[in-house]
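Structure first, commentary second.
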Amino acid sequence: MIEIQNLTKTFGPIRAVDNLTLKVPKGETVGFLGPNGAGKTTTIKILTNLISATSGRALLNGVNVLTKPKLALSHVGAVVETPEFYPYLTPLETLAYMGSIRGMHSKDIKVRSNEVLLQVKLEQWRDTRIGKFSKGMKQRLAIAQALLHEPEILILDEPTSGLDPRGMVEVREIMKELQKQHYTIFMSSHLLNEVQEICDSAALIDRGKLLVYDSIDKLKTLSKVVKLEVTTVGSAPETLLGKVRQLSQVRAVERVGESAFLVTFEGPVDDRANLLQGIQSLGTKVSGFSPVGLPLEMMYMDLVKESR
Amino acid sequence: MVGFKVPSDITQIPIVWKYELLKYLRSWRLVASIAITFVVMGLIFFLPPAFGRPYSGTDDFQVKSNEMINLGTPTPYLPYSSLTIIGRTGVVVSDLVVTVNGTNYPSDSWFLAKMSDANQIPSFISDLQLSGTYLVLFKDNLTGSVVTLKYDWRITAETFELLNLNFANILIIICATFFAADSISGEYYNRTGYLIFPNPMKREILFFGKYSASMTAGVLVVGLFYIGVSGFSLAAAGEVDEDTWKSFLFGIEYLLAATAVGYVISSLLKGTTGAIVLTFFLLFLILPIVDGVAMFTGVKIAASLTFAGGVMIYILQDPYPVDTTMDFGGSPFSIYYPEPSVSAFVMLAWAAAAIIISLVLFKRKQLAG
C-alpha cells in the first residue's frame, strides 16, 4: 500500500506538490494524471527517494520513505523518467547488480533475469552492452529491472515513454498481467487511454494539488462537457449549423465534413436526447449521433480547465 | 514470489565496488592511465642513455688545479693534507685508481668519503659547502701536482628513483581525475541515478562502494608504476632504494586524499566535464601555485595537500632534506620541505575532511530537473 500524507515540496517560491494526500490500496493499479508541471514526477521522485520533501509523509507498506528509505524501498520496483544505464554493463549484468543490491540469491537472479528479459522481449540482447541500446530498449530494460525481484509495489513514471506503438501495446499487456497478479501499481502517464485501459482508478493533480481521485468508471461520468458527432442525410448547410449553435446547452459547433459536424455539449447524459430532438426539429434527418473522444479525456480537460 | 532479504549496509559496499570497478576495467581511462605509466617509465629509462647520459660507465680524468684544495698540516684528527671532489654518484670505491704525476698513488694514502655521510666528513669541510657527491682526501699536499682519477661508476638507486618517482605525483593526480572526478556527478549528469537511487541502499553505502573502487583502480595504476620503477632501478642501479616502500605508502596516502578531493568536486558540481577539469587543475596547478607563492614569500604551508604530497619524493633522499634559507640577490629565499610525520597527518586529515564533506553534499544532492 502507498500512502501519501500532506506531502509538500517547494522549489524556492514554487510549490511543486501542495499538501497532497493520496492512498493507493494494496493490489490496486492507480493512474496518476496531470498536465506538464502538475507535480506528478516530483511526487514520484519523493516516493523513490530521488528528492526530499519539504513536509508531509510518504509511506510504502507503512514505512516512511523520507526517514527510512532503505526499508521502505526494499519491496519496491521503480521506473522513473527514462533512466540511463551503465553503458559498460550488459542487461544480465545490470540485473545481477540490481538483484544483488536488493538481496536476491544468485540463482534467483539468474532465473528471474531470463524471465523478465523474455517478458520485455530483450532476451536476444542479454549479453550486449547497453551503451548500444536505443531509448525504447532502455525503457524495456527499466521495466525489467523494476520487475526483477517481484516487488509488492511498482512505481512507474510514464512507463511507455519512448516506446514505439508496438512497444507501448506490449508494455500495456505486461501491466495488465501484473494488475491481474494484484501488484500495487502507481503509475503516472500523459496517455489517458493507457490509464483508462490499465488502471482501476486514477488521481488527477494540477499545480501540486489533488483535483479528483476515484475509480475510472466514476471518473468517466464526471465530465459535464461532451463532443458529439452529428451526421446528416444529405449536406448540412451553414444555416443549420447556426441554428444548432442557438440550441440550449450547446457551447460550440464545428464542421468536420460535408454532412457532419461536431457539437460541444454541456449537460448530463439525459439531456443529450433533448439535443437530438432539437436538431431533428430543425428539419434535418440525422443518420448518426455519437460521442467522440475518451470520457476520461473530457473529464481531464474539464477539471484542469476549472482548476486554472 | 522471489525470496530475498535486503543485505546489510556493509555487505552492499562490495557489491557496488565490484560493478564500479568493472566500469574502470572496461573503460579507456584505466587503459590510458596504464599506457601513460608505461610510456613515461620507458621515456625516463631510455631517454637519458639516448641523450648521452648512461646509467653506468668509467670516468678517467685529470683533476683541475682549482679543484685541488690544500687542507694545511695534517693532524691526528684529520691526517690528510689535500682534497678534491667527485660529482658523480655511485662510484665503485674499490675501483678507484689515483695517479700523481704519472705514478700510481698508493691506496692507503687516500680516502674516499661520501659527502652525504656526516660521520665521514669533518664539520669544517662541510662548512666549505662544496658541491659534489664524494670527497677524495689525500695524505700529501697534491696542489700543483698532476692528479688523475679513474673509477667505475653506476647510478644509485636513490638517484634513479628520484628521477622516476617525480612522475608518481602527477600520476596520482591523473588517477584522482580519471577515477574520482565524475564518479558522483556522473550519476546525475548521465541520469544513471534514476536507476541506482530508488534501490534499498543508503547513499553513503553507494559512496563508499564507489570510493573504494576508485581507490582500487588508482592503487592498481600507482602500484604498477612503482613495480615498474623498481624493476628499472634493478636494471640500472642493481638495487631498489630502501625507502621505496615508504614512498609508495605515502603515495597511497596522497592518492587517498586526492581521490577524496575529487569526490568533493564531483558532489559539488552538476556536470562531469567541469568536475574533471576542476579536479585536475586544482591538484596540478592551483594548489601547487599557492605552495610556490607561499614559499616565495617565506611562508611554509604545511597544511597544503600538494605540499604534503611531496613527501613521497623527498622520503627517498638520504639524508632527508631540511628547510634552508639562502641569500638570493640580497634578499633571503627559503626552500621548505614537508616533514614526514606532519605530512602523513595532513594527508589523512584532508582525506577525512574531504570524505565527510562529499558525503554530506552527496546526501543532500537531489535528482531534480
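Ordering of the C-alpha cells sets the chain letters (A, B, ...), residue numbers begin anew at 1 in every chain, and ligands are numbered from 1 in the order given.
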Could you list, with a cut-off of 7 Å and counting only C-alpha atoms, the residues of chain B near chain A, each shown with its nearest atom pair and the distance in Å rounded to one decimal, rows sorted by chain and ascending number, as a tab-separated table?
```
residue	atom	partner	partner_atom	distance
B:Met1	CA	A:Glu150	CA	6.3
B:Val2	CA	A:His149	CA	6.1
B:Gly3	CA	A:Met104	CA	7.0
B:Phe4	CA	A:Met104	CA	4.8
B:Lys5	CA	A:Gly103	CA	5.1
B:Val6	CA	A:Gly103	CA	4.4
B:Pro7	CA	A:Gly103	CA	5.2
B:Gln12	CA	A:Ile101	CA	6.1
B:Ile15	CA	A:Ile101	CA	6.9
B:Lys23	CA	A:Tyr88	CA	6.2
B:Arg26	CA	A:Tyr88	CA	6.7
B:Asn190	CA	A:Glu84	CA	6.7
B:Arg191	CA	A:Glu84	CA	5.3
B:Thr192	CA	A:Glu84	CA	4.7
B:Tyr194	CA	A:Pro83	CA	5.1
B:Leu195	CA	A:Pro83	CA	5.6
B:Phe197	CA	A:Leu50	CA	6.3
B:Pro198	CA	A:Thr48	CA	4.9
B:Asn199	CA	A:Leu73	CA	6.2
B:Pro200	CA	A:Lys70	CA	4.1
B:Met201	CA	A:Lys70	CA	5.4
B:Lys202	CA	A:Lys70	CA	6.3
B:Gln366	CA	A:Ile51	CA	4.9
B:Leu367	CA	A:Leu50	CA	5.4
B:Ala368	CA	A:Ile51	CA	6.7
```
Discussion item. So that I can check the secondary structure, give me every residue of region 109-324 of chain B assigned alpha helix (DSSP H) by backbone DSSP, as a PyMOL selection string.
Written reply: chain B and resi 123-126+157-179+185-189+193-196+203-237+244-268+272-281+287-296+305-309+311-314
Worksheet item: Near Ile216 (chain A), counting only C-alpha atoms, which residues have an atom at most 7 Å away, once you skip same-chain residues fewer than 2 positions from it, shown as a list in words?
Response: Gln196, Asp200, Ser201, Ala202, Asp214, Lys218, Leu219 and Lys220 of chain A
Item to complete: Work out how far apart CA of Gly90 (chain B) and CA of Gly72 (chain B) are and give it in Å to one decimal.
Response: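 Pair CA of Gly90 (chain B) / CA of Gly72 (chain B) returns 29.0 Å.
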Fill in: Gap from CA of Leu228 (chain A) to CA of Cys199 (chain A) - Å, one decimal
25.8 Å
Practice prompt. Go through region 107-284 of chain A and collect every residue that DSSP, computed from the backbone, puts in strand (DSSP E); the answer should be as a ChimeraX atom specification.
Written response: /A:153-157,184-188,201-206,209-215,225-232,250-257,260-266
Restricting it to C-alpha atoms, dump the selection as a PDB file, in the first residue's frame.
```pdb
ATOM      1  CA  ILE A 153       4.795  -2.155  -5.114  1.00  0.00           C
ATOM      2  CA  LEU A 154       5.552  -0.816  -8.577  1.00  0.00           C
ATOM      3  CA  ILE A 155       6.060   2.899  -9.070  1.00  0.00           C
ATOM      4  CA  LEU A 156       6.182   3.839 -12.722  1.00  0.00           C
ATOM      5  CA  ASP A 157       6.683   7.234 -14.238  1.00  0.00           C
ATOM      6  CA  THR A 184       0.152  -2.488  -6.139  1.00  0.00           C
ATOM      7  CA  ILE A 185       0.903  -0.184  -9.044  1.00  0.00           C
ATOM      8  CA  PHE A 186       1.147   3.582  -9.032  1.00  0.00           C
ATOM      9  CA  MET A 187       1.811   4.973 -12.482  1.00  0.00           C
ATOM     10  CA  SER A 188       1.933   8.422 -13.934  1.00  0.00           C
ATOM     11  CA  SER A 201      -8.683   4.211 -10.514  1.00  0.00           C
ATOM     12  CA  ALA A 202      -6.928   7.469 -11.230  1.00  0.00           C
ATOM     13  CA  ALA A 203      -5.856  10.580  -9.373  1.00  0.00           C
ATOM     14  CA  LEU A 204      -5.694  13.889 -11.175  1.00  0.00           C
ATOM     15  CA  ILE A 205      -3.441  16.641  -9.895  1.00  0.00           C
ATOM     16  CA  ASP A 206      -2.704  20.111 -11.099  1.00  0.00           C
ATOM     17  CA  LYS A 209      -2.979  19.794  -5.663  1.00  0.00           C
ATOM     18  CA  LEU A 210      -5.214  16.771  -5.933  1.00  0.00           C
ATOM     19  CA  LEU A 211      -8.249  17.601  -8.050  1.00  0.00           C
ATOM     20  CA  VAL A 212     -10.001  14.268  -8.054  1.00  0.00           C
ATOM     21  CA  TYR A 213      -9.300  10.649  -7.147  1.00  0.00           C
ATOM     22  CA  ASP A 214     -11.814   7.959  -7.943  1.00  0.00           C
ATOM     23  CA  SER A 215     -12.421   4.774  -9.891  1.00  0.00           C
ATOM     24  CA  VAL A 225     -18.877  18.501 -21.424  1.00  0.00           C
ATOM     25  CA  VAL A 226     -19.048  16.059 -24.315  1.00  0.00           C
ATOM     26  CA  LYS A 227     -18.336  16.273 -28.023  1.00  0.00           C
ATOM     27  CA  LEU A 228     -20.968  14.695 -30.200  1.00  0.00           C
ATOM     28  CA  GLU A 229     -20.544  13.960 -33.872  1.00  0.00           C
ATOM     29  CA  VAL A 230     -23.754  14.510 -35.834  1.00  0.00           C
ATOM     30  CA  THR A 231     -24.101  13.099 -39.337  1.00  0.00           C
ATOM     31  CA  THR A 232     -26.978  14.236 -41.516  1.00  0.00           C
ATOM     32  CA  VAL A 250     -24.634  23.871 -26.916  1.00  0.00           C
ATOM     33  CA  ARG A 251     -21.257  25.536 -26.418  1.00  0.00           C
ATOM     34  CA  ALA A 252     -19.805  25.232 -29.929  1.00  0.00           C
ATOM     35  CA  VAL A 253     -20.420  23.742 -33.372  1.00  0.00           C
ATOM     36  CA  GLU A 254     -17.660  22.822 -35.790  1.00  0.00           C
ATOM     37  CA  ARG A 255     -17.944  21.417 -39.297  1.00  0.00           C
ATOM     38  CA  VAL A 256     -15.960  18.225 -39.913  1.00  0.00           C
ATOM     39  CA  GLY A 257     -17.387  17.276 -43.324  1.00  0.00           C
ATOM     40  CA  ALA A 260     -21.068  16.035 -40.476  1.00  0.00           C
ATOM     41  CA  PHE A 261     -20.394  18.436 -37.636  1.00  0.00           C
ATOM     42  CA  LEU A 262     -19.202  18.317 -34.024  1.00  0.00           C
ATOM     43  CA  VAL A 263     -21.319  19.723 -31.230  1.00  0.00           C
ATOM     44  CA  THR A 264     -19.728  20.604 -27.895  1.00  0.00           C
ATOM     45  CA  PHE A 265     -22.489  19.972 -25.429  1.00  0.00           C
ATOM     46  CA  GLU A 266     -22.595  20.659 -21.707  1.00  0.00           C
TER      47      GLU A 266
END
```
Which residues, written as a PDB file with N, CA and C atoms, in the first residue's frame, have at least one atom at most 7 Å from Ser82 (chain B), with only C-alpha atoms counted and residues fewer than 6 positions away on the same chain left out?
```
ATOM      1  N   MET B  68      91.691  21.154  -6.539  1.00  0.00           N
ATOM      2  CA  MET B  68      92.522  20.516  -5.506  1.00  0.00           C
ATOM      3  C   MET B  68      92.685  21.528  -4.374  1.00  0.00           C
ATOM      4  N   ILE B  69      92.199  21.187  -3.189  1.00  0.00           N
ATOM      5  CA  ILE B  69      92.175  22.129  -2.064  1.00  0.00           C
ATOM      6  C   ILE B  69      93.203  21.720  -1.017  1.00  0.00           C
ATOM      7  N   ASN B  70      93.998  22.695  -0.610  1.00  0.00           N
ATOM      8  CA  ASN B  70      95.022  22.467   0.415  1.00  0.00           C
ATOM      9  C   ASN B  70      94.393  22.546   1.799  1.00  0.00           C
ATOM     10  N   LEU B  71      94.553  21.497   2.612  1.00  0.00           N
ATOM     11  CA  LEU B  71      93.951  21.466   3.959  1.00  0.00           C
ATOM     12  C   LEU B  71      94.949  21.898   5.040  1.00  0.00           C
ATOM     13  N   LEU B 137      90.252  12.394  -0.149  1.00  0.00           N
ATOM     14  CA  LEU B 137      91.199  13.038   0.775  1.00  0.00           C
ATOM     15  C   LEU B 137      92.583  12.402   0.584  1.00  0.00           C
ATOM     16  N   PHE B 138      93.596  13.264   0.442  1.00  0.00           N
ATOM     17  CA  PHE B 138      94.963  12.774   0.212  1.00  0.00           C
ATOM     18  C   PHE B 138      95.852  13.104   1.407  1.00  0.00           C
ATOM     19  N   LYS B 139      96.753  12.153   1.751  1.00  0.00           N
ATOM     20  CA  LYS B 139      97.659  12.391   2.883  1.00  0.00           C
ATOM     21  C   LYS B 139      98.690  13.482   2.550  1.00  0.00           C
ATOM     22  N   ASP B 140      99.029  13.559   1.242  1.00  0.00           N
ATOM     23  CA  ASP B 140     100.025  14.562   0.845  1.00  0.00           C
ATOM     24  C   ASP B 140      99.317  15.780   0.267  1.00  0.00           C
ATOM     25  N   ASN B 141     100.054  16.870   0.292  1.00  0.00           N
ATOM     26  CA  ASN B 141      99.531  18.069  -0.344  1.00  0.00           C
ATOM     27  C   ASN B 141      99.804  17.957  -1.840  1.00  0.00           C
ATOM     28  N   LEU B 142      98.719  17.709  -2.615  1.00  0.00           N
ATOM     29  CA  LEU B 142      98.896  17.453  -4.046  1.00  0.00           C
ATOM     30  C   LEU B 142      98.575  18.670  -4.904  1.00  0.00           C
TER      31      LEU B 142
END
```
Item to complete: For Ser189 (chain A), list every protein, DNA or RNA residue within 9 Å, evaluated using only C-alpha atoms, and leave out those in the same chain fewer than 5 positions away; present the list as a ChimeraX atom specification.
Response: /A:31-34,40,156-161,194-195
Keeping only C-alpha atoms, take the residues you just selected and write them out as an mmCIF file, in the first residue's frame.
```cif
data_model
loop_
_atom_site.group_PDB
_atom_site.id
_atom_site.type_symbol
_atom_site.label_atom_id
_atom_site.label_comp_id
_atom_site.auth_asym_id
_atom_site.auth_seq_id
_atom_site.Cartn_x
_atom_site.Cartn_y
_atom_site.Cartn_z
ATOM 1 C CA GLY A 31 -3.058 6.130 -12.570
ATOM 2 C CA PHE A 32 -1.555 9.480 -11.717
ATOM 3 C CA LEU A 33 -2.627 12.155 -14.157
ATOM 4 C CA GLY A 34 -1.917 15.787 -14.646
ATOM 5 C CA LYS A 40 3.450 14.070 -10.876
ATOM 6 C CA LEU A 156 6.182 3.839 -12.722
ATOM 7 C CA ASP A 157 6.683 7.234 -14.238
ATOM 8 C CA GLU A 158 5.485 7.303 -17.848
ATOM 9 C CA PRO A 159 6.235 3.589 -18.374
ATOM 10 C CA THR A 160 5.554 3.646 -22.113
ATOM 11 C CA SER A 161 7.530 6.802 -22.774
ATOM 12 C CA GLU A 194 -3.471 3.985 -21.288
ATOM 13 C CA VAL A 195 -4.731 4.868 -17.815
#
```
Practice prompt. Give me the residues within 12 Å of Phe208 (chain B) as a ChimeraX atom specification, counting only C-alpha atoms and dropping any in the same chain fewer than 2 places off.
Written response: /B:9-18,20,180,183-184,201-206,210-216,260,263,355-356,358-359,362
Writer output for current selection, N, CA and C atoms, as a compact mmCIF listing (two decimals), in the first residue's frame:
```txt
# COMPACT_ATOMS: atom_id res chain seq x y z
N ASP B 9 24.13 -2.97 5.27
CA ASP B 9 24.89 -1.88 4.62
C ASP B 9 26.28 -2.35 4.24
N ILE B 10 26.93 -3.00 5.17
CA ILE B 10 28.34 -3.35 4.98
C ILE B 10 28.52 -4.36 3.83
N THR B 11 27.53 -5.23 3.66
CA THR B 11 27.66 -6.22 2.57
C THR B 11 27.27 -5.63 1.21
N GLN B 12 26.63 -4.46 1.23
CA GLN B 12 26.29 -3.82 -0.06
C GLN B 12 27.51 -3.11 -0.65
N ILE B 13 28.45 -2.73 0.22
CA ILE B 13 29.63 -1.99 -0.27
C ILE B 13 30.41 -2.81 -1.32
N PRO B 14 30.76 -4.09 -1.04
CA PRO B 14 31.49 -4.83 -2.07
C PRO B 14 30.71 -5.04 -3.36
N ILE B 15 29.37 -5.05 -3.27
CA ILE B 15 28.57 -5.21 -4.50
C ILE B 15 28.77 -3.98 -5.38
N VAL B 16 28.65 -2.80 -4.76
CA VAL B 16 28.85 -1.56 -5.53
C VAL B 16 30.29 -1.50 -6.04
N TRP B 17 31.22 -1.86 -5.16
CA TRP B 17 32.65 -1.85 -5.52
C TRP B 17 32.90 -2.68 -6.78
N LYS B 18 32.31 -3.88 -6.80
CA LYS B 18 32.54 -4.81 -7.92
C LYS B 18 32.09 -4.19 -9.25
N GLU B 20 31.38 -1.01 -9.90
CA GLU B 20 32.07 0.25 -10.20
C GLU B 20 33.47 -0.03 -10.75
N ALA B 180 37.84 9.59 -9.94
CA ALA B 180 37.01 10.16 -8.87
C ALA B 180 36.17 11.34 -9.34
N SER B 183 32.67 10.66 -10.60
CA SER B 183 32.04 9.47 -10.03
C SER B 183 30.64 9.77 -9.48
N ILE B 184 30.50 10.89 -8.80
CA ILE B 184 29.19 11.25 -8.25
C ILE B 184 28.40 12.07 -9.28
N MET B 201 19.21 1.09 -0.70
CA MET B 201 20.63 1.24 -0.37
C MET B 201 20.86 2.70 0.03
N LYS B 202 21.59 2.88 1.14
CA LYS B 202 21.85 4.24 1.60
C LYS B 202 22.86 4.91 0.67
N ARG B 203 22.75 6.23 0.57
CA ARG B 203 23.67 6.98 -0.29
C ARG B 203 25.12 6.80 0.17
N GLU B 204 25.32 6.75 1.49
CA GLU B 204 26.69 6.64 1.99
C GLU B 204 27.31 5.29 1.61
N ILE B 205 26.46 4.28 1.48
CA ILE B 205 26.96 2.95 1.07
C ILE B 205 27.38 3.01 -0.40
N LEU B 206 26.55 3.65 -1.20
CA LEU B 206 26.89 3.84 -2.61
C LEU B 206 28.20 4.62 -2.71
N LYS B 210 31.71 3.24 -4.28
CA LYS B 210 32.35 3.96 -5.40
C LYS B 210 33.77 4.36 -5.03
N TYR B 211 33.91 4.91 -3.82
CA TYR B 211 35.22 5.41 -3.38
C TYR B 211 36.25 4.27 -3.34
N SER B 212 35.82 3.13 -2.83
CA SER B 212 36.76 2.00 -2.74
C SER B 212 37.13 1.50 -4.14
N ALA B 213 36.18 1.58 -5.09
CA ALA B 213 36.51 1.18 -6.47
C ALA B 213 37.49 2.17 -7.10
N SER B 214 37.28 3.46 -6.84
CA SER B 214 38.20 4.48 -7.36
C SER B 214 39.60 4.25 -6.79
N MET B 215 39.66 3.95 -5.51
CA MET B 215 40.96 3.72 -4.87
C MET B 215 41.62 2.47 -5.44
N THR B 216 40.83 1.44 -5.66
CA THR B 216 41.38 0.19 -6.21
C THR B 216 42.03 0.45 -7.57
N ALA B 260 39.65 11.74 -2.55
CA ALA B 260 38.58 12.33 -1.74
C ALA B 260 38.28 13.75 -2.19
N TYR B 263 36.17 13.61 -5.14
CA TYR B 263 34.78 13.31 -4.77
C TYR B 263 34.04 14.55 -4.28
N ILE B 355 36.15 13.40 2.59
CA ILE B 355 35.14 12.34 2.56
C ILE B 355 33.87 12.80 3.27
N ILE B 356 34.04 13.43 4.42
CA ILE B 356 32.87 13.90 5.18
C ILE B 356 32.10 14.95 4.36
N SER B 358 32.12 15.50 1.10
CA SER B 358 31.46 14.97 -0.11
C SER B 358 30.27 14.09 0.25
N LEU B 359 30.36 13.39 1.37
CA LEU B 359 29.22 12.57 1.82
C LEU B 359 28.01 13.45 2.13
N PHE B 362 26.67 14.81 -1.13
CA PHE B 362 26.02 13.75 -1.91
C PHE B 362 24.64 13.41 -1.33
```
Discussion item. I need the residue nearest Ile357 (chain B) from this list: B:Ser267, B:Gln62, B:Thr259, B:Thr177. Use only C-alpha atoms for the distance.
Written reply: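 Answer, going by the shortest atom-to-atom distance: B:Ser267.
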Worksheet item: Just how far from CA of Leu162 (chain B) is CA of Val91 (chain B), in Å to one decimal?
Response: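 We find that CA of Val91 (chain B) and CA of Leu162 (chain B) lie 17.8 Å from each other.
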Practice prompt. Rank A:Gly208, A:Gly288, A:Gly167, A:Gly62 by their smallest atom-to-atom distance to Gly39 (chain A), using only C-alpha atoms, and report the top residue only.
Written response: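 Closest to Gly39 (chain A), using only C-alpha atoms: A:Gly208.
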Worksheet item: Counting only C-alpha atoms, what is within 12 Å of Val342 (chain B), bar same-chain residues fewer than 2 positions away, as a VMD selection string?
Response: chain B and resid 250 301 to 305 307 to 311 337 to 340 344 to 349
Just C-alpha atoms for this one: save the residues we selected as a PDB file, in the first residue's frame.
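Wrote it out as selection03.pdb, contents follow:
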```
ATOM      1  CA  PHE B 250      52.997   7.981   1.233  1.00  0.00           C
ATOM      2  CA  ILE B 301      52.019  25.951   4.297  1.00  0.00           C
ATOM      3  CA  ALA B 302      52.492  22.566   5.891  1.00  0.00           C
ATOM      4  CA  ALA B 303      48.709  22.003   5.734  1.00  0.00           C
ATOM      5  CA  SER B 304      48.607  22.155   1.938  1.00  0.00           C
ATOM      6  CA  LEU B 305      47.753  18.796   0.388  1.00  0.00           C
ATOM      7  CA  PHE B 307      52.915  20.392  -0.399  1.00  0.00           C
ATOM      8  CA  ALA B 308      52.456  17.449   1.970  1.00  0.00           C
ATOM      9  CA  GLY B 309      52.236  15.096  -1.011  1.00  0.00           C
ATOM     10  CA  GLY B 310      55.823  15.969  -1.918  1.00  0.00           C
ATOM     11  CA  VAL B 311      56.961  13.778   0.968  1.00  0.00           C
ATOM     12  CA  TYR B 337      60.282  20.531   2.677  1.00  0.00           C
ATOM     13  CA  PRO B 338      57.308  18.665   4.112  1.00  0.00           C
ATOM     14  CA  GLU B 339      58.073  16.827   7.326  1.00  0.00           C
ATOM     15  CA  PRO B 340      57.111  13.145   7.031  1.00  0.00           C
ATOM     16  CA  ALA B 344      51.188  11.913   6.992  1.00  0.00           C
ATOM     17  CA  PHE B 345      48.779  13.639   9.356  1.00  0.00           C
ATOM     18  CA  VAL B 346      47.934  16.412   6.875  1.00  0.00           C
ATOM     19  CA  MET B 347      47.075  13.954   4.088  1.00  0.00           C
ATOM     20  CA  LEU B 348      44.912  11.849   6.410  1.00  0.00           C
ATOM     21  CA  ALA B 349      43.148  14.984   7.637  1.00  0.00           C
TER      22      ALA B 349
END
```
Worksheet item: For Ile130 (chain A), which residue among A:Thr90, A:Ser290, A:Ser248, A:Asn114 is the nearest when counting only C-alpha atoms?
Response: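 Looking at the shortest contact to Ile130 (chain A), the residue is A:Thr90.
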Practice prompt. Go through B:Asn66, B:Thr58, B:Ser266, B:Asn104 one by one, measure the shortest atom-to-atom distance of each to Thr148 (chain B) using only C-alpha atoms, and give the residue with the smallest value.
Written response: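 Counting only C-alpha atoms, the residue closest to Thr148 (chain B) is B:Asn104.
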Worksheet item: From the set B:Trp350, B:Phe178, B:Phe160, B:Phe296, which residue has the shortest atom-to-atom contact distance to Ile44 (chain B), counting only C-alpha atoms?
Response: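 Between B:Trp350, B:Phe178, B:Phe160, B:Phe296, the residue approaching Ile44 (chain B) most closely is B:Phe160.
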